[in-house]
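Chemist: Next comes protein_10.cif, mmCIF, C-alpha atoms and all ligand atoms:
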```cif
data_start
loop_
_atom_site.group_PDB
_atom_site.id
_atom_site.type_symbol
_atom_site.label_atom_id
_atom_site.label_comp_id
_atom_site.auth_asym_id
_atom_site.auth_seq_id
_atom_site.Cartn_x
_atom_site.Cartn_y
_atom_site.Cartn_z
ATOM 1 C CA MET O 76 22.444 -119.398 81.283
ATOM 2 C CA ALA O 77 25.086 -119.126 84.004
ATOM 3 C CA THR O 78 24.028 -119.428 87.644
ATOM 4 C CA ARG O 79 24.302 -115.958 89.194
ATOM 5 C CA ILE O 80 25.871 -115.899 92.663
ATOM 6 C CA LEU O 81 26.018 -113.139 95.280
ATOM 7 C CA LEU O 82 28.664 -113.630 97.997
ATOM 8 C CA SER O 83 27.895 -112.434 101.518
ATOM 9 C CA GLY O 84 31.144 -112.070 103.481
ATOM 10 C CA GLY O 85 32.701 -111.719 100.040
ATOM 11 C CA THR O 86 36.030 -110.252 101.164
ATOM 12 C CA GLY O 87 36.668 -112.833 103.920
ATOM 13 C CA ARG O 88 38.827 -115.948 103.650
ATOM 14 C CA MET O 89 35.983 -118.113 102.333
ATOM 15 C CA GLY O 90 34.591 -115.295 100.182
ATOM 16 C CA VAL O 91 37.908 -114.912 98.378
ATOM 17 C CA ALA O 92 38.212 -118.700 97.831
ATOM 18 C CA LEU O 93 34.662 -118.795 96.412
ATOM 19 C CA ALA O 94 35.103 -115.737 94.184
ATOM 20 C CA GLY O 95 38.184 -117.318 92.588
ATOM 21 C CA LEU O 96 36.355 -120.546 91.762
ATOM 22 C CA ILE O 97 33.226 -118.750 90.510
ATOM 23 C CA THR O 98 35.213 -116.492 88.203
ATOM 24 C CA ALA O 99 37.048 -119.510 86.768
ATOM 25 C CA ALA O 100 33.835 -121.509 86.110
ATOM 26 C CA ASP O 101 32.005 -121.189 82.757
ATOM 27 C CA ASP O 102 28.597 -121.989 84.255
ATOM 28 C CA LEU O 103 28.775 -119.496 87.163
ATOM 29 C CA GLU O 104 28.643 -115.716 87.307
ATOM 30 C CA LEU O 105 29.714 -113.565 90.275
ATOM 31 C CA VAL O 106 27.030 -110.884 90.701
ATOM 32 C CA GLY O 107 28.725 -109.062 93.568
ATOM 33 C CA LEU O 108 30.156 -109.010 97.076
ATOM 34 C CA LEU O 109 28.471 -108.028 100.336
ATOM 35 C CA ASP O 110 30.675 -107.141 103.267
ATOM 36 C CA ARG O 111 31.669 -104.425 105.682
ATOM 37 C CA GLU O 112 31.019 -100.808 104.587
ATOM 38 C CA GLY O 113 34.099 -99.367 102.899
ATOM 39 C CA SER O 114 35.821 -102.700 102.255
ATOM 40 C CA THR O 115 36.882 -103.813 98.751
ATOM 41 C CA GLY O 116 37.338 -107.225 97.136
ATOM 42 C CA PRO O 117 40.803 -108.766 96.702
ATOM 43 C CA GLY O 118 41.006 -107.380 93.146
ATOM 44 C CA GLY O 119 39.626 -103.972 94.210
ATOM 45 C CA GLU O 120 36.002 -104.984 93.419
ATOM 46 C CA ALA O 121 33.220 -102.802 94.845
ATOM 47 C CA VAL O 122 31.462 -104.119 97.954
ATOM 48 C CA GLU O 123 27.862 -103.478 98.981
ATOM 49 C CA VAL O 124 26.225 -103.656 102.430
ATOM 50 C CA PRO O 125 23.092 -105.765 103.086
ATOM 51 C CA GLU O 126 20.821 -102.715 103.410
ATOM 52 C CA ARG O 127 21.672 -101.628 99.833
ATOM 53 C CA ALA O 128 21.866 -105.108 98.274
ATOM 54 C CA GLY O 129 18.418 -104.986 96.599
ATOM 55 C CA PRO O 130 19.551 -104.297 93.006
ATOM 56 C CA LEU O 131 22.220 -107.033 93.273
ATOM 57 C CA LEU O 132 19.668 -109.509 94.637
ATOM 58 C CA ASP O 133 17.351 -108.789 91.716
ATOM 59 C CA ARG O 134 20.065 -110.259 89.458
ATOM 60 C CA THR O 135 20.912 -113.224 91.751
ATOM 61 C CA ASP O 136 19.953 -116.904 91.649
ATOM 62 C CA VAL O 137 21.902 -118.057 94.727
ATOM 63 C CA VAL O 138 23.200 -116.126 97.743
ATOM 64 C CA ILE O 139 26.150 -117.801 99.452
ATOM 65 C CA ASP O 140 26.893 -116.533 102.956
ATOM 66 C CA PHE O 141 30.189 -117.131 104.762
ATOM 67 C CA SER O 142 30.276 -114.074 107.016
ATOM 68 C CA ALA O 143 29.312 -113.776 110.687
ATOM 69 C CA PRO O 144 25.970 -114.313 112.484
ATOM 70 C CA GLY O 145 25.305 -110.572 112.939
ATOM 71 C CA PHE O 146 26.003 -109.840 109.275
ATOM 72 C CA LEU O 147 23.711 -112.662 108.106
ATOM 73 C CA ALA O 148 20.986 -111.339 110.434
ATOM 74 C CA ARG O 149 21.314 -107.903 108.808
ATOM 75 C CA LEU O 150 20.920 -109.453 105.347
ATOM 76 C CA LEU O 151 17.846 -111.450 106.403
ATOM 77 C CA ASP O 152 16.277 -108.382 108.014
ATOM 78 C CA ALA O 153 17.020 -105.970 105.184
ATOM 79 C CA GLN O 154 16.254 -108.210 102.198
ATOM 80 C CA ALA O 155 13.700 -110.809 103.375
ATOM 81 C CA GLU O 156 11.297 -110.116 100.508
ATOM 82 C CA ARG O 157 13.973 -109.874 97.841
ATOM 83 C CA LEU O 158 15.025 -113.454 98.689
ATOM 84 C CA ASP O 159 11.689 -114.706 97.316
ATOM 85 C CA GLY O 160 12.214 -117.533 94.830
ATOM 86 C CA ARG O 161 16.013 -117.553 95.180
ATOM 87 C CA ALA O 162 18.323 -119.949 97.004
ATOM 88 C CA LEU O 163 20.281 -119.115 100.163
ATOM 89 C CA LEU O 164 23.296 -121.188 101.221
ATOM 90 C CA VAL O 165 24.666 -120.477 104.696
ATOM 91 C CA GLY O 166 28.137 -121.626 105.759
ATOM 92 C CA THR O 167 28.491 -119.189 108.659
ATOM 93 C CA THR O 168 28.811 -121.002 111.982
ATOM 94 C CA GLY O 169 28.045 -120.033 115.573
ATOM 95 C CA LEU O 170 24.462 -119.026 114.684
ATOM 96 C CA GLY O 171 22.379 -118.151 117.750
ATOM 97 C CA PRO O 172 18.629 -118.758 118.179
ATOM 98 C CA ASP O 173 17.838 -115.277 116.810
ATOM 99 C CA VAL O 174 19.442 -116.089 113.433
ATOM 100 C CA VAL O 175 18.054 -119.641 113.401
ATOM 101 C CA GLU O 176 14.576 -118.110 113.810
ATOM 102 C CA ARG O 177 15.135 -115.728 110.883
ATOM 103 C CA LEU O 178 16.328 -118.639 108.702
ATOM 104 C CA GLU O 179 13.210 -120.619 109.600
ATOM 105 C CA ALA O 180 11.125 -117.673 108.408
ATOM 106 C CA ALA O 181 13.215 -117.365 105.221
ATOM 107 C CA GLN O 182 12.653 -120.988 104.220
ATOM 108 C CA GLY O 183 8.997 -120.114 103.636
ATOM 109 C CA ARG O 184 10.062 -117.832 100.782
ATOM 110 C CA CYS O 185 13.279 -119.321 99.397
ATOM 111 C CA ALA O 186 15.309 -122.533 99.240
ATOM 112 C CA VAL O 187 17.598 -122.610 102.292
ATOM 113 C CA LEU O 188 20.603 -124.794 102.991
ATOM 114 C CA VAL O 189 22.593 -124.355 106.203
ATOM 115 C CA ALA O 190 25.713 -126.512 106.505
ATOM 116 C CA ALA O 191 28.342 -126.286 109.226
ATOM 117 C CA ASN O 192 30.700 -127.883 106.729
ATOM 118 C CA PHE O 193 30.327 -128.011 102.956
ATOM 119 C CA SER O 194 33.111 -130.522 102.277
ATOM 120 C CA VAL O 195 32.004 -133.842 100.820
ATOM 121 C CA GLY O 196 34.457 -135.619 103.158
ATOM 122 C CA VAL O 197 32.964 -134.194 106.355
ATOM 123 C CA ASN O 198 29.444 -134.960 105.193
ATOM 124 C CA VAL O 199 30.458 -138.594 104.623
ATOM 125 C CA LEU O 200 32.164 -138.515 108.046
ATOM 126 C CA LEU O 201 28.897 -137.335 109.649
ATOM 127 C CA SER O 202 27.164 -140.396 108.283
ATOM 128 C CA LEU O 203 29.996 -142.741 109.459
ATOM 129 C CA VAL O 204 30.025 -141.154 112.906
ATOM 130 C CA GLU O 205 26.290 -141.641 113.335
ATOM 131 C CA GLN O 206 26.722 -145.306 112.460
ATOM 132 C CA ALA O 207 29.681 -145.639 114.855
ATOM 133 C CA GLY O 208 27.656 -143.940 117.614
ATOM 134 C CA ARG O 209 24.934 -146.548 117.134
ATOM 135 C CA LEU O 210 27.279 -149.567 116.997
ATOM 136 C CA LEU O 211 29.768 -148.483 119.695
ATOM 137 C CA ARG O 212 27.350 -148.247 122.603
ATOM 138 C CA ALA O 213 27.533 -145.574 125.283
ATOM 139 C CA GLU O 214 27.975 -148.211 128.027
ATOM 140 C CA GLN O 215 31.209 -149.349 126.371
ATOM 141 C CA TYR O 216 32.622 -146.361 124.493
ATOM 142 C CA ASP O 217 33.170 -142.776 125.643
ATOM 143 C CA VAL O 218 33.244 -140.132 122.899
ATOM 144 C CA GLU O 219 35.508 -137.105 122.745
ATOM 145 C CA ILE O 220 35.562 -134.677 119.813
ATOM 146 C CA VAL O 221 38.762 -132.702 119.304
ATOM 147 C CA GLU O 222 38.988 -129.945 116.701
ATOM 148 C CA ALA O 223 41.729 -127.538 115.611
ATOM 149 C CA HIS O 224 41.414 -124.272 113.658
ATOM 150 C CA HIS O 225 43.441 -121.194 112.738
ATOM 151 C CA ARG O 226 43.961 -118.389 115.243
ATOM 152 C CA HIS O 227 41.319 -116.119 113.624
ATOM 153 C CA LYS O 228 38.330 -118.402 114.206
ATOM 154 C CA VAL O 229 35.808 -116.690 116.483
ATOM 155 C CA ASP O 230 33.511 -119.526 117.642
ATOM 156 C CA ALA O 231 34.164 -122.726 119.607
ATOM 157 C CA PRO O 232 33.466 -125.580 119.461
ATOM 158 C CA SER O 233 33.361 -125.377 115.681
ATOM 159 C CA GLY O 234 30.021 -125.820 113.925
ATOM 160 C CA THR O 235 31.420 -129.010 112.397
ATOM 161 C CA ALA O 236 32.389 -130.410 115.814
ATOM 162 C CA LEU O 237 28.848 -129.741 117.033
ATOM 163 C CA ALA O 238 27.382 -131.383 113.917
ATOM 164 C CA LEU O 239 29.574 -134.447 114.593
ATOM 165 C CA GLY O 240 28.350 -134.455 118.206
ATOM 166 C CA HIS O 241 24.738 -134.318 117.016
ATOM 167 C CA ALA O 242 25.478 -137.268 114.708
ATOM 168 C CA VAL O 243 26.933 -139.413 117.536
ATOM 169 C CA ALA O 244 24.001 -138.467 119.790
ATOM 170 C CA ALA O 245 21.492 -139.291 117.024
ATOM 171 C CA GLY O 246 23.147 -142.722 116.578
ATOM 172 C CA ARG O 247 22.536 -143.287 120.292
ATOM 173 C CA ALA O 248 18.986 -141.893 120.210
ATOM 174 C CA ARG O 249 19.979 -139.008 122.496
ATOM 175 C CA GLN O 250 19.823 -135.216 122.233
ATOM 176 C CA LEU O 251 23.268 -133.591 122.175
ATOM 177 C CA ASP O 252 22.212 -130.966 124.751
ATOM 178 C CA GLU O 253 21.639 -133.756 127.320
ATOM 179 C CA VAL O 254 25.174 -135.185 126.988
ATOM 180 C CA ARG O 255 27.371 -132.287 125.792
ATOM 181 C CA ARG O 256 30.444 -131.308 127.840
ATOM 182 C CA ASP O 257 32.657 -128.411 126.698
ATOM 183 C CA GLY O 258 36.224 -128.978 127.969
ATOM 184 C CA ARG O 259 37.253 -130.035 131.470
ATOM 185 C CA SER O 260 39.025 -128.193 134.239
ATOM 186 C CA GLY O 261 39.437 -128.605 137.997
ATOM 187 C CA HIS O 262 38.003 -131.408 140.120
ATOM 188 C CA THR O 263 35.561 -132.687 137.516
ATOM 189 C CA GLY O 264 34.713 -136.043 139.098
ATOM 190 C CA ALA O 265 34.488 -139.269 137.112
ATOM 191 C CA ARG O 266 33.266 -139.112 133.523
ATOM 192 C CA PRO O 267 29.484 -139.719 133.299
ATOM 193 C CA GLU O 268 28.389 -142.494 130.946
ATOM 194 C CA GLY O 269 27.213 -141.207 127.573
ATOM 195 C CA GLU O 270 28.891 -137.807 127.849
ATOM 196 C CA ILE O 271 30.241 -136.310 124.589
ATOM 197 C CA GLY O 272 33.258 -134.069 125.271
ATOM 198 C CA PHE O 273 34.382 -131.165 123.048
ATOM 199 C CA HIS O 274 37.901 -129.722 122.957
ATOM 200 C CA ALA O 275 39.020 -126.835 120.747
ATOM 201 C CA LEU O 276 42.615 -126.048 119.720
ATOM 202 C CA ARG O 277 43.220 -122.598 118.204
ATOM 203 C CA GLY O 278 46.352 -121.371 116.510
ATOM 204 C CA GLY O 279 48.460 -120.820 113.431
ATOM 205 C CA GLY O 280 46.934 -121.340 110.021
ATOM 206 C CA VAL O 281 45.118 -124.649 110.575
ATOM 207 C CA VAL O 282 42.294 -124.810 107.993
ATOM 208 C CA GLY O 283 40.268 -127.334 110.011
ATOM 209 C CA GLU O 284 40.785 -130.703 111.711
ATOM 210 C CA HIS O 285 38.208 -132.874 113.438
ATOM 211 C CA HIS O 286 38.845 -136.048 115.397
ATOM 212 C CA VAL O 287 35.985 -138.126 116.778
ATOM 213 C CA VAL O 288 37.470 -140.550 119.293
ATOM 214 C CA PHE O 289 35.577 -143.547 120.690
ATOM 215 C CA LEU O 290 37.422 -144.712 123.822
ATOM 216 C CA GLY O 291 36.632 -148.254 124.947
ATOM 217 C CA GLY O 292 38.009 -150.284 127.869
ATOM 218 C CA SER O 293 40.536 -152.082 125.649
ATOM 219 C CA ASP O 294 40.574 -150.254 122.341
ATOM 220 C CA ARG O 295 40.094 -146.890 120.672
ATOM 221 C CA ILE O 296 38.508 -146.003 117.328
ATOM 222 C CA GLU O 297 39.294 -142.640 115.763
ATOM 223 C CA LEU O 298 37.516 -141.065 112.815
ATOM 224 C CA THR O 299 39.358 -138.045 111.494
ATOM 225 C CA HIS O 300 38.980 -135.392 108.821
ATOM 226 C CA VAL O 301 41.780 -132.986 107.965
ATOM 227 C CA ALA O 302 41.094 -130.107 105.583
ATOM 228 C CA ALA O 303 44.234 -128.944 103.788
ATOM 229 C CA ASP O 304 42.731 -126.058 101.786
ATOM 230 C CA ARG O 305 39.580 -123.938 102.133
ATOM 231 C CA ALA O 306 38.925 -124.588 98.423
ATOM 232 C CA LEU O 307 37.465 -127.852 99.746
ATOM 233 C CA PHE O 308 34.582 -125.977 101.439
ATOM 234 C CA ALA O 309 34.208 -123.589 98.504
ATOM 235 C CA GLU O 310 33.945 -126.462 95.994
ATOM 236 C CA GLY O 311 31.312 -128.180 98.159
ATOM 237 C CA ALA O 312 29.354 -124.927 98.463
ATOM 238 C CA LEU O 313 29.373 -124.456 94.674
ATOM 239 C CA LEU O 314 28.284 -128.048 94.106
ATOM 240 C CA ALA O 315 25.371 -127.301 96.446
ATOM 241 C CA ALA O 316 24.680 -123.943 94.742
ATOM 242 C CA ARG O 317 24.328 -125.629 91.337
ATOM 243 C CA TRP O 318 21.913 -128.181 92.873
ATOM 244 C CA MET O 319 19.860 -125.519 94.685
ATOM 245 C CA VAL O 320 19.073 -123.321 91.661
ATOM 246 C CA GLY O 321 15.341 -123.216 91.003
ATOM 247 C CA ARG O 322 14.388 -125.380 94.017
ATOM 248 C CA ALA O 323 11.069 -124.711 95.761
ATOM 249 C CA PRO O 324 11.143 -122.783 99.057
ATOM 250 C CA GLY O 325 12.052 -125.029 101.990
ATOM 251 C CA ARG O 326 15.003 -126.495 103.860
ATOM 252 C CA TYR O 327 17.568 -128.706 102.134
ATOM 253 C CA THR O 328 20.600 -130.609 103.460
ATOM 254 C CA MET O 329 24.041 -131.590 102.180
ATOM 255 C CA ALA O 330 23.175 -135.228 102.948
ATOM 256 C CA GLU O 331 20.282 -134.951 100.473
ATOM 257 C CA ILE O 332 22.451 -133.324 97.807
ATOM 258 C CA LEU O 333 25.188 -135.951 98.195
ATOM 259 C CA GLY O 334 22.722 -138.857 98.275
ATOM 260 C CA LEU O 335 23.771 -139.830 101.823
ATOM 261 C CA GLY O 336 20.179 -140.565 102.869
HETATM 262 N N1 LIG E 1 30.379 -124.307 106.401
HETATM 263 C C1 LIG E 1 31.657 -124.433 106.017
HETATM 264 O O1 LIG E 1 32.034 -125.338 105.245
HETATM 265 C C2 LIG E 1 32.662 -123.416 106.527
HETATM 266 C C3 LIG E 1 34.003 -123.470 106.122
HETATM 267 C C4 LIG E 1 34.856 -122.448 106.533
HETATM 268 C C5 LIG E 1 34.379 -121.410 107.340
HETATM 269 N N2 LIG E 1 33.071 -121.427 107.731
HETATM 270 C C6 LIG E 1 32.481 -120.324 108.505
HETATM 271 O O2 LIG E 1 32.266 -119.256 107.604
HETATM 272 C C7 LIG E 1 32.351 -118.014 108.322
HETATM 273 C C8 LIG E 1 33.374 -117.111 107.628
HETATM 274 O O3 LIG E 1 34.662 -117.727 107.705
HETATM 275 P P1 LIG E 1 35.959 -117.002 107.136
HETATM 276 O O4 LIG E 1 37.114 -117.838 107.532
HETATM 277 O O5 LIG E 1 35.737 -116.656 105.695
HETATM 278 O O6 LIG E 1 35.913 -115.672 108.041
HETATM 279 P P2 LIG E 1 36.446 -114.207 107.689
HETATM 280 O O7 LIG E 1 37.698 -114.293 106.888
HETATM 281 O O8 LIG E 1 36.461 -113.461 108.984
HETATM 282 O O9 LIG E 1 35.308 -113.646 106.728
HETATM 283 C C9 LIG E 1 34.096 -113.122 107.197
HETATM 284 C C10 LIG E 1 33.805 -111.838 106.434
HETATM 285 O O10 LIG E 1 32.619 -111.255 106.969
HETATM 286 C C11 LIG E 1 32.926 -109.936 107.451
HETATM 287 N N3 LIG E 1 32.226 -109.639 108.691
HETATM 288 C C12 LIG E 1 32.235 -110.380 109.808
HETATM 289 N N4 LIG E 1 31.472 -109.781 110.758
HETATM 290 C C13 LIG E 1 30.997 -108.659 110.212
HETATM 291 C C14 LIG E 1 30.142 -107.629 110.685
HETATM 292 N N5 LIG E 1 29.598 -107.694 111.904
HETATM 293 N N6 LIG E 1 29.855 -106.603 109.885
HETATM 294 C C15 LIG E 1 30.385 -106.558 108.653
HETATM 295 N N7 LIG E 1 31.195 -107.507 108.125
HETATM 296 C C16 LIG E 1 31.494 -108.548 108.912
HETATM 297 C C17 LIG E 1 34.404 -109.940 107.731
HETATM 298 O O11 LIG E 1 34.878 -108.610 107.690
HETATM 299 P P3 LIG E 1 36.123 -108.209 108.648
HETATM 300 O O12 LIG E 1 37.289 -109.047 108.194
HETATM 301 O O13 LIG E 1 36.274 -106.765 108.395
HETATM 302 O O14 LIG E 1 35.700 -108.548 110.035
HETATM 303 C C18 LIG E 1 34.937 -110.813 106.605
HETATM 304 O O15 LIG E 1 35.118 -110.085 105.413
HETATM 305 C C19 LIG E 1 32.709 -118.394 109.769
HETATM 306 O O16 LIG E 1 31.514 -118.458 110.516
HETATM 307 C C20 LIG E 1 33.332 -119.770 109.625
HETATM 308 O O17 LIG E 1 33.219 -120.548 110.803
HETATM 309 C C21 LIG E 1 32.224 -122.402 107.336
#
```
What's the structure tokens form of this structure?

Modeler:
Amino acid sequence: MATRILLSGGTGRMGVALAGLITAADDLELVGLLDREGSTGPGGEAVEVPERAGPLLDRTDVVIDFSAPGFLARLLDAQAERLDGRALLVGTTGLGPDVVERLEAAQGRCAVLVAANFSVGVNVLLSLVEQAGRLLRAEQYDVEIVEAHHRHKVDAPSGTALALGHAVAAGRARQLDEVRRDGRSGHTGARPEGEIGFHALRGGGVVGEHHVVFLGGSDRIELTHVAADRALFAEGALLAARWMVGRAPGRYTMAEILGLG
């Protein structure tokens, strides 16, 4: 039987990319789209709002959410019980503590996967960056993370940049919050040892670029990922969706799905 998928944020950029791939796949079925009241899908498909999504959820195996934090919160509030026994994949970034709390509650009833980036390449990069953070010690190498995204992106630094920062910090046995620095301006003083700097470029149609730069006294190592098409994230999300079907309630990670340890 085909895996039945409900798309939250179904008329957005990622929603449209996912709907196209789902429709083209023999083993997947698109159950419906959740989005803003009154909106329609790219082919004129009907759209439902979270508060009225119950009948769609009853026919769903996996919910995939690429929307906005407030919209995801509405879905979790309105349909908490209907998520029982299903899988929930969240790609939305910029989640605040209120949504994180709701997701922690949801993982008691359904299989939850939250990934700031669903591309296989970025997940491999996360693992490489953690290793580099461990081997290129804070006393010798400063780390700056530079990301670029299209002009419509609403959060900064990107969720992927923050995940990369967490990976460097983990490699150095530090918490990101202790060493994070968002941009620089004015008389900043000398750079403290161990700081991890974040810089966000916004403009044009850039799908997503991330550069993790290790700056030493005499050399520089750069680890970079450039996404050329959002199909990359959609394909990774569908790979994860296939893996998540029928999993027990709890929290899962892309690293686990990709065998990255
Ligand atoms: N994890 C990953 O691999 C990955 C990859 C790409 C993007 N993302 C993240 O996925 C999310 C969506 O990205 P996108 O590029 O698809 O964005 P998008 O084109 O803006 O799509 C989001 C959709 O959700 C709707 N929406 C947003 N806020 C809403 C609200 N408060 N009430 C009702 N509907 C609302 C939008 O409707 P309107 O257009 O009417 O506002 C839109 O249809 C972002 O958080 C982005 O950072 C993650």

Chemist: Using the chain letters and residue numbers of this document, give as a PyMOL selection string the residues selected by the PyMOL selection byres (((chain O and resi 255-272) around 8) and not hetatm).

Modeler: chain O and resi 213-214+217-220+232+240+251-254+273-274

Chemist: Convert the output of the PyMOL selection byres (((chain O and resi 203) around 12) and not hetatm) on the shown file into explicit residues, formatted as a PDB file with C-alpha atoms, in the coordinates of the input.

Modeler:
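New file result14.pdb:
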```pdb
ATOM      1  CA  GLY O 196      34.457-135.619 103.158  1.00  0.00           C
ATOM      2  CA  VAL O 197      32.964-134.194 106.355  1.00  0.00           C
ATOM      3  CA  ASN O 198      29.444-134.960 105.193  1.00  0.00           C
ATOM      4  CA  VAL O 199      30.458-138.594 104.623  1.00  0.00           C
ATOM      5  CA  LEU O 200      32.164-138.515 108.046  1.00  0.00           C
ATOM      6  CA  LEU O 201      28.897-137.335 109.649  1.00  0.00           C
ATOM      7  CA  SER O 202      27.164-140.396 108.283  1.00  0.00           C
ATOM      8  CA  VAL O 204      30.025-141.154 112.906  1.00  0.00           C
ATOM      9  CA  GLU O 205      26.290-141.641 113.335  1.00  0.00           C
ATOM     10  CA  GLN O 206      26.722-145.306 112.460  1.00  0.00           C
ATOM     11  CA  ALA O 207      29.681-145.639 114.855  1.00  0.00           C
ATOM     12  CA  GLY O 208      27.656-143.940 117.614  1.00  0.00           C
ATOM     13  CA  ARG O 209      24.934-146.548 117.134  1.00  0.00           C
ATOM     14  CA  LEU O 210      27.279-149.567 116.997  1.00  0.00           C
ATOM     15  CA  LEU O 211      29.768-148.483 119.695  1.00  0.00           C
ATOM     16  CA  LEU O 239      29.574-134.447 114.593  1.00  0.00           C
ATOM     17  CA  ALA O 242      25.478-137.268 114.708  1.00  0.00           C
ATOM     18  CA  VAL O 243      26.933-139.413 117.536  1.00  0.00           C
ATOM     19  CA  ALA O 245      21.492-139.291 117.024  1.00  0.00           C
ATOM     20  CA  GLY O 246      23.147-142.722 116.578  1.00  0.00           C
ATOM     21  CA  VAL O 287      35.985-138.126 116.778  1.00  0.00           C
ATOM     22  CA  GLU O 297      39.294-142.640 115.763  1.00  0.00           C
ATOM     23  CA  LEU O 298      37.516-141.065 112.815  1.00  0.00           C
ATOM     24  CA  THR O 299      39.358-138.045 111.494  1.00  0.00           C
ATOM     25  CA  HIS O 300      38.980-135.392 108.821  1.00  0.00           C
ATOM     26  CA  LEU O 335      23.771-139.830 101.823  1.00  0.00           C
TER      27      LEU O 335
END
```

Chemist: Identify, counting only C-alpha atoms and all ligand atoms, the protein, DNA and RNA residues located within 8 Å of ligand LIG 1 (chain E), and give them as a PyMOL selection string.

Modeler: chain O and resi 83-91+110-112+114+140-146+165-169+189-194+227-230+233-235+282+305+308-309+311-312

Chemist: I need the output of the PyMOL selection byres (((chain O and resi 128-136) around 8) and not hetatm) for this file as a list in words; which residues are they?

Modeler: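 Matching residues under the PyMOL selection byres (((chain O and resi 128-136) around 8) and not hetatm) are Thr78, Arg79, Ile80, Leu81, Val106, Gly107, Leu109, Glu123, Val124, Pro125, Glu126, Arg127, Val137, Val138, Gln154, Arg157, Leu158, Arg161, Ala162, Val320 and Gly321 of chain O.
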
Chemist: May I have the selected residues written with C-alpha atoms, as an mmCIF file, in the coordinates of the input?

Modeler:
```cif
data_model
loop_
_atom_site.group_PDB
_atom_site.id
_atom_site.type_symbol
_atom_site.label_atom_id
_atom_site.label_comp_id
_atom_site.auth_asym_id
_atom_site.auth_seq_id
_atom_site.Cartn_x
_atom_site.Cartn_y
_atom_site.Cartn_z
ATOM 1 C CA THR O 78 24.028 -119.428 87.644
ATOM 2 C CA ARG O 79 24.302 -115.958 89.194
ATOM 3 C CA ILE O 80 25.871 -115.899 92.663
ATOM 4 C CA LEU O 81 26.018 -113.139 95.280
ATOM 5 C CA VAL O 106 27.030 -110.884 90.701
ATOM 6 C CA GLY O 107 28.725 -109.062 93.568
ATOM 7 C CA LEU O 109 28.471 -108.028 100.336
ATOM 8 C CA GLU O 123 27.862 -103.478 98.981
ATOM 9 C CA VAL O 124 26.225 -103.656 102.430
ATOM 10 C CA PRO O 125 23.092 -105.765 103.086
ATOM 11 C CA GLU O 126 20.821 -102.715 103.410
ATOM 12 C CA ARG O 127 21.672 -101.628 99.833
ATOM 13 C CA VAL O 137 21.902 -118.057 94.727
ATOM 14 C CA VAL O 138 23.200 -116.126 97.743
ATOM 15 C CA GLN O 154 16.254 -108.210 102.198
ATOM 16 C CA ARG O 157 13.973 -109.874 97.841
ATOM 17 C CA LEU O 158 15.025 -113.454 98.689
ATOM 18 C CA ARG O 161 16.013 -117.553 95.180
ATOM 19 C CA ALA O 162 18.323 -119.949 97.004
ATOM 20 C CA VAL O 320 19.073 -123.321 91.661
ATOM 21 C CA GLY O 321 15.341 -123.216 91.003
#
```

Chemist: Give me, please, the distance in Å between CA of Asp102 in chain O and CA of Ala77 in chain O, quoted to one decimal.

Modeler: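 Distance between the two atoms: 4.5 Å.
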
Chemist: Smallest atom-to-atom distance to Ala323 in chain O: which of O:Ile139, O:Val175, O:Leu82, O:Val187, using all atoms listed in the file?

Modeler: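 Looking at the shortest contact to Ala323 in chain O, the residue is O:Val187.
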
Chemist: Output requested as a PDB file, in the coordinates of the input - range 287-294 of chain O, filled out with N, CA, C and O atoms.

Modeler:
```pdb
ATOM      1  N   VAL O 287      37.029-137.559 115.918  1.00  0.00           N
ATOM      2  CA  VAL O 287      35.985-138.126 116.778  1.00  0.00           C
ATOM      3  C   VAL O 287      36.568-139.416 117.341  1.00  0.00           C
ATOM      4  O   VAL O 287      36.871-140.349 116.593  1.00  0.00           O
ATOM      5  N   VAL O 288      36.751-139.442 118.657  1.00  0.00           N
ATOM      6  CA  VAL O 288      37.470-140.550 119.293  1.00  0.00           C
ATOM      7  C   VAL O 288      36.491-141.348 120.161  1.00  0.00           C
ATOM      8  O   VAL O 288      35.848-140.783 121.057  1.00  0.00           O
ATOM      9  N   PHE O 289      36.405-142.632 119.887  1.00  0.00           N
ATOM     10  CA  PHE O 289      35.577-143.547 120.690  1.00  0.00           C
ATOM     11  C   PHE O 289      36.535-144.335 121.585  1.00  0.00           C
ATOM     12  O   PHE O 289      37.339-145.132 121.082  1.00  0.00           O
ATOM     13  N   LEU O 290      36.473-144.084 122.893  1.00  0.00           N
ATOM     14  CA  LEU O 290      37.422-144.712 123.822  1.00  0.00           C
ATOM     15  C   LEU O 290      36.738-145.850 124.573  1.00  0.00           C
ATOM     16  O   LEU O 290      35.842-145.599 125.399  1.00  0.00           O
ATOM     17  N   GLY O 291      37.181-147.081 124.265  1.00  0.00           N
ATOM     18  CA  GLY O 291      36.632-148.254 124.947  1.00  0.00           C
ATOM     19  C   GLY O 291      37.558-148.695 126.066  1.00  0.00           C
ATOM     20  O   GLY O 291      38.623-148.110 126.274  1.00  0.00           O
ATOM     21  N   GLY O 292      37.176-149.768 126.782  1.00  0.00           N
ATOM     22  CA  GLY O 292      38.009-150.284 127.869  1.00  0.00           C
ATOM     23  C   GLY O 292      39.330-150.828 127.346  1.00  0.00           C
ATOM     24  O   GLY O 292      40.364-150.690 127.995  1.00  0.00           O
ATOM     25  N   SER O 293      39.328-151.423 126.167  1.00  0.00           N
ATOM     26  CA  SER O 293      40.536-152.082 125.649  1.00  0.00           C
ATOM     27  C   SER O 293      40.918-151.635 124.256  1.00  0.00           C
ATOM     28  O   SER O 293      41.833-152.199 123.651  1.00  0.00           O
ATOM     29  N   ASP O 294      40.187-150.720 123.685  1.00  0.00           N
ATOM     30  CA  ASP O 294      40.574-150.254 122.341  1.00  0.00           C
ATOM     31  C   ASP O 294      40.070-148.834 122.120  1.00  0.00           C
ATOM     32  O   ASP O 294      39.354-148.268 122.968  1.00  0.00           O
TER      33      ASP O 294
END
```
